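> Quick one: this structure, given as structure tokens, is what I'll be asking you about.
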Protein chains: 2
Amino acid sequence: MSATIREVARAADVSVATVSRVLNGKGPVKEATGRRVRAAADRLRYVPHVGARSLITRRTHAIGVLLPDLFGEFFSEAIRGIDRTARGAGYQLLVSGSHGDSAQAETALRAMRGRVDGLVVMSPSVDAPTLSANLPEGWPVMLLNCAVDGTAFDSINIDNEGGAAAMVKHLAGLGHRRIAHVTGPVDNWDAKERLRGYRHAVFLESGEDTRGLEVPGDFTEESGYRAARLVLGMRPRPTAIFAANDSMAIGLLSAFQEMGVKVPGDIAVGGFDDIPIARFMTPPLSSVAVSIAALGARAMERLLAALRDGSRHVPRHETLPARLVARRSSGSRSPKPPTSSRHARTRRKDP
Amino acid sequence: MSATIREVARAADVSVATVSRVLNGKGPVKEATGRRVRAAADRLRYVPHVGARSLITRRTHAIGVLLPDLFGEFFSEAIRGIDRTARGAGYQLLVSGSHGDSAQAETALRAMRGRVDGLVVMSPSVDAPTLSANLPEGWPVMLLNCAVDGTAFDSINIDNEGGAAAMVKHLAGLGHRRIAHVTGPVDNWDAKERLRGYRHAVFLESGEDTRGLEVPGDFTEESGYRAARLVLGMRPRPTAIFAANDSMAIGLLSAFQEMGVKVPGDIAVGGFDDIPIARFMTPPLSSVAVSIAALGARAMERLLAALRDGSRHVPRHETLPARLVARRSSGSRSPKPPTSSRHARTRRKDP
DNA sequence: TCAGAGAATGTAAACGTTTACATCGGCGAA
DNA sequence: TTCGCCGATGTAAACGTTTACATTCTCTGA
């Protein structure tokens with residue numbers, strides 16, 4: 001099979017300790033000896049056995065990544081950010097996706113034990129108790145956009161509240177006074193925060209109460225499609241709708257198109273997430289953008305820092321800003337974006 | 001830290017060998033002893049140290065996954081398929097993405113050595129020589145949609161040729177006689193196969209030579225945008241264009257819209273890949289769909305089989321079918337698809 | 001010349017498993 | 001009774017590293 005450190009030592013006519021020292025760059029070694037060892041290692045194609053190494057160093061140089069059953073680009077973007085940062089620091093990624101329920105996530109969590117030095121968890125179905133029950137004490141964990149409730153874990157969240165408020169302000173700035181909202185699933189953390197941001201901003205802008213302006217949704221296009229009819233039935237009729245995510249906003253758009261309701265002429269529409277499809281809708285959908293890649297990168301950065309600091313590390317909470325993207329669906333008379341910028345965003349290697 | 005097998009043995013009042021036997025289900029053990037051991041292991045939250053285990057078994061129960069710098073949904077879909085199958089067989093995934101060039105891929109390849117039992121490689125920049133140079137002899141490897149040239153490696157490819165031919169036949173069936181083609185990058189395997197399929201099908205349908213009907217592209221929207229003008233300048237003017245991927249087809253669509261050229265009235269357009277945006281274009285883009293998840297799942301299945309068979313395994317090549325998706329851009333008068341099906345496809349968890 | 005410092009290198013224990021082999025009973029057959 | 005077999009369990013070696021400690025070598029300064 002593969003060469004062992006002992007064979008390299010024999011080939012370079014030194015002891016195994018010296019080989020180890022040379023390859024790990026610790027301890028004093030003579031220039032010439034180092035060269036000899038490295039040459040022998042190259043020649044034999046020596047690669048240290050990670051198992052044996054982790055057995056004694058208690059380090060695996062791998063990070064576990066737990067992701068929910070994401071579709072579309074979220075998965076890719078999250079991994080992209082995490083991977084780049086991890087690789088830069090010499091860490092590998094043990095990825096586990098598609099966790100529908102809490103039980104699956106627990107199994108995955110267990111399977112990671114002993115394989116990784118730390119964990120990045122992005123899963124709505126994993127909460128603090130589940131986590132602490134399945135993890136060795138004091139394992140470095142970074143929670144990504146999970147429902148954090150003042151736990152002892154590190155976490156990073158998107159500024160859902162601020163993003164939602166920005167969208168409401170944007171619509172209000174365009175003259176809209178009655179702004180309806182299609183909510184996400186009631187038990188969804190992001191949805192709850194967006195709802196809160198919406199309510200607060202509407203109150204600030206118009207002093208109005210939002211009761212009677214909220215329509216329940218569940219993040220699917222279908223629920224957006226259904227919501228359209230409900231909103232049109234409100235009296236007085238709202239002049240704008242803010243959907244808690246883009247999928248529902250797209251549902252709204254297709255319903256309005258079928259009914260002959262003009263967007264943004266008759267009613268303005270805004271979404272959240274700025275998924276790639278958003279800019280290709282007719283009319284292009286105004287939304288709130290979040291850089292998932294940046295989220296992942298930041299998470300990995302902090303996890304690596306935690307790994308370095310060891311027990312001195314103090315967990316804390318962080319919020320990543322969301323950015324308003326005004327397009328035509330909200331009535332913003334933004335010109336057609338220059339062709340080049342669209343390309344930059346959606347280009348990809350094939351397939 | 002974590003409990004060791006020795007502590008479990010002491011707690012259950014047996015030897016370490018017995019604990020190992022119970023937990024691995026091999027060797028004869030008394031019913032009662034088994035129960036006692038399992039109870040102790042649970043109580044102590046014992047998880048075997050994978051490093052120590054792999055040191056002696058020579059197995060890691062992990063599969064390396066090398067992916068290119070994919071954007072959009074390809075990444076997610078590929079991982080989804082691979083992950084599901086791997087998890088079912090008790091394997092974990094060591095993922096490494098974002099490999100721009102061959103050097104990066106090589107580094108990643110090396111880093112995986114000793115960490116994984118097998119490899120799934122999906123990377124246009126990795127070829128057979130690079131692979132064999134950086135891999136231990138006889139390592140199970142599955143090539144996904146790579147440029148395979150009769151090598152000794154297992155591989156699975158998409159039926160680019162068949163898909164392209166299907167699109168041409170579809171257009172010809174709608175009455176088109178002059179069908180132009182926007183090609184992909186010249187050194188891209190998929191692009192080359194699609195071009196071949198196009199040429200062959202055009203020859204079969206009309207007996208015509210395709211010289212003078214091909215326009216160079218590079219898979220970006222921009223190149224599609226530029227291609228539009230070239231195609232319109234051909235004499236006699238083609239009545240249909242088949243772009244080698246959807247991004248370029250989208251470039252065509254936006255160019256035509258700006259120029260006031262009606263699609264499909266003045267010219268029909270078809271793409272390849274059926275990316276999610278395709279159905280949301282105006283008009284919805286006809287394309288050729290490929291299930292990337294199925295591709296990944298199939299790859300993992302075969303890799304696992306190879307792992308089981310060991311040296312008895314014989315590598316072979318496999319092709320996965322591509323499916324034509326006719327929409328309005330090709331002039332197919334498919335009615336607006338029922339709302340529900342659109343939802344099923346694009347729904348996703350948030351964010 | 002030589003003590004002693006420090007650099008360079010070697011020796012061997014330890015990490016936590018699995019497993020070949022040894023051991024120990026108990027039981028049926030001779 | 002005794003032999004041999006077999007099921008259940010224990011003992012200890014081996015896997016490939018890292019590293020504390022021991023040893024050897026090479027100077028430097030008195």
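Each chain in the structure tokens gets a letter, A, B and so on, in the order shown; residues start at 1 in every chain, and ligands are counted from 1 in the order they appear.
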Extract the full set of strand (DSSP E) residues from stretch 35-195 of chain A according to DSSP on the backbone, and format it as a PyMOL selection string.
chain A and resi 62-66+92-96+118-121+141-144+154-158+179-182
> For the interface of chain C with chain B (cut-off 10 Å, counting only C-alpha atoms (C1' of nucleotides)), please tabulate each contacting residue of chain C alongside its nearest pair of atoms and their separation in Å to one decimal, rows sorted by chain and increasing number, as CSV.

```
residue,atom,partner,partner_atom,distance
C:DC15,C1',B:Ala52,CA,8.0
C:DG16,C1',B:Ala52,CA,5.2
C:DT17,C1',B:Arg53,CA,4.8
C:DT18,C1',B:Ile56,CA,6.4
C:DT19,C1',B:Ala17,CA,8.4
```
> Limited to C-alpha atoms (C1' of nucleotides), could you put the picked residues into a file as a PDB file, in the first residue's frame?

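Produced file result33.pdb, reproduced below:
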```
ATOM      1  C1'  DC C  15      -2.975   6.991  21.473  1.00  0.00           C
ATOM      2  C1'  DG C  16      -7.797   3.457  20.878  1.00  0.00           C
ATOM      3  C1'  DT C  17      -9.032   0.068  18.085  1.00  0.00           C
ATOM      4  C1'  DT C  18      -9.452  -4.919  15.920  1.00  0.00           C
ATOM      5  C1'  DT C  19      -8.400  -9.619  15.779  1.00  0.00           C
TER       6       DT C  19
END
```
> Applying 12 Å and only C-alpha atoms (C1' of nucleotides), which residues near C:DC24 remain after dropping the ones on its own chain fewer than 4 positions away? List them as a count of residues only.
5
> What's the separation between atom CA of B:Leu67 and atom CA of B:Tyr91, in Å to one decimal place?
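Result for atom CA of B:Leu67 versus atom CA of B:Tyr91: 17.9 Å, one decimal.
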> Excluding same-chain residues fewer than 3 positions from B:Ala227, what lies within 9 Å of it counting only C-alpha atoms (C1' of nucleotides), as a tab-separated table (two decimals) with C-alpha atoms, in the first residue's frame?

```tsv
chain	number	residue	atom	x	y	z
B	182	VAL	CA	-24.30	28.63	-30.50
B	215	VAL	CA	-21.61	30.61	-33.92
B	216	PRO	CA	-18.92	30.38	-31.24
B	217	GLY	CA	-19.89	30.93	-27.59
B	222	GLU	CA	-22.78	37.58	-22.76
B	223	SER	CA	-21.63	35.28	-25.52
B	224	GLY	CA	-25.26	34.37	-26.21
B	230	LEU	CA	-24.42	37.17	-35.82
B	231	VAL	CA	-27.26	34.75	-36.33
B	232	LEU	CA	-29.60	37.46	-37.58
B	248	MET	CA	-26.45	31.53	-23.65
B	251	GLY	CA	-28.51	35.91	-23.58
B	252	LEU	CA	-30.17	35.33	-26.93
B	255	ALA	CA	-30.84	40.43	-27.14
```
> For chain B, which of A:Phe153, A:Phe256, A:Phe219, A:Phe203 is the closest residue, counting only C-alpha atoms?
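Result for the nearest residue to chain B: A:Phe219.
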> Could you pull out the alpha helix (DSSP H) residues of stretch 209-287 of chain B, going by DSSP on the backbone, and write them as a compact mmCIF listing (two decimals) with C-alpha atoms, in the first residue's frame?

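Wrote selection_11.txt, looks like this:
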```
# COMPACT_ATOMS: atom_id res chain seq x y z
CA GLU B 221 -24.96 34.92 -21.17
CA GLU B 222 -22.78 37.58 -22.76
CA SER B 223 -21.63 35.28 -25.52
CA GLY B 224 -25.26 34.37 -26.21
CA TYR B 225 -26.14 38.03 -26.33
CA ARG B 226 -23.41 38.67 -28.89
CA ALA B 227 -24.34 35.59 -30.90
CA ALA B 228 -27.83 36.95 -31.53
CA ARG B 229 -26.58 39.61 -33.89
CA LEU B 230 -24.42 37.17 -35.82
CA VAL B 231 -27.26 34.75 -36.33
CA LEU B 232 -29.60 37.46 -37.58
CA ASP B 246 -29.36 27.82 -21.09
CA SER B 247 -27.23 30.75 -20.04
CA MET B 248 -26.45 31.53 -23.65
CA ALA B 249 -30.06 30.96 -24.65
CA ILE B 250 -31.05 33.53 -22.05
CA GLY B 251 -28.51 35.91 -23.58
CA LEU B 252 -30.17 35.33 -26.93
CA LEU B 253 -33.61 36.03 -25.51
CA SER B 254 -32.63 39.33 -23.96
CA ALA B 255 -30.84 40.43 -27.14
CA PHE B 256 -33.87 39.59 -29.25
CA GLN B 257 -36.15 41.41 -26.86
CA GLU B 258 -34.02 44.54 -27.11
CA MET B 259 -33.98 44.33 -30.89
```
> Which residues of chain D are close to chain A, meaning at most 10 Å apart when you count only C-alpha atoms (C1' of nucleotides), and how do they look as an NGL selection string?
:D and (15-19)
> Do a neighbour search on stretch 134-142 of chain B at 8 Å with only C-alpha atoms (C1' of nucleotides), toss out local chain neighbours closer than 2 positions, and write the hits as a count of residues only.
26
> Would you kindly return, as a ChimeraX atom specification, each protein, DNA or RNA residue with an atom no farther than 7 Å from any atom of stretch 173-179 of chain A, considering only C-alpha atoms (C1' of nucleotides) and excluding same-chain residues fewer than 5 positions away?
/A:206,238-242
> Can I get the selected residues back with C-alpha atoms, as a short mmCIF file (atom, residue, chain, number, x, y, z; two decimals), in the first residue's frame?

```
data_model
loop_
_atom_site.label_atom_id
_atom_site.label_comp_id
_atom_site.auth_asym_id
_atom_site.auth_seq_id
_atom_site.Cartn_x
_atom_site.Cartn_y
_atom_site.Cartn_z
CA SER A 206 -47.57 55.34 9.19
CA PRO A 238 -53.49 47.78 -0.15
CA THR A 239 -51.27 49.38 -2.78
CA ALA A 240 -48.25 47.23 -1.98
CA ILE A 241 -47.41 43.73 -0.73
CA PHE A 242 -44.28 42.57 0.95
#
```
> Calculated over only C-alpha atoms, which of the candidates A:Met281, A:Ala268, A:Ala41, A:Ala128 has the smallest distance to chain B?
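With only C-alpha atoms as the atom set, the closest residue is A:Met281.
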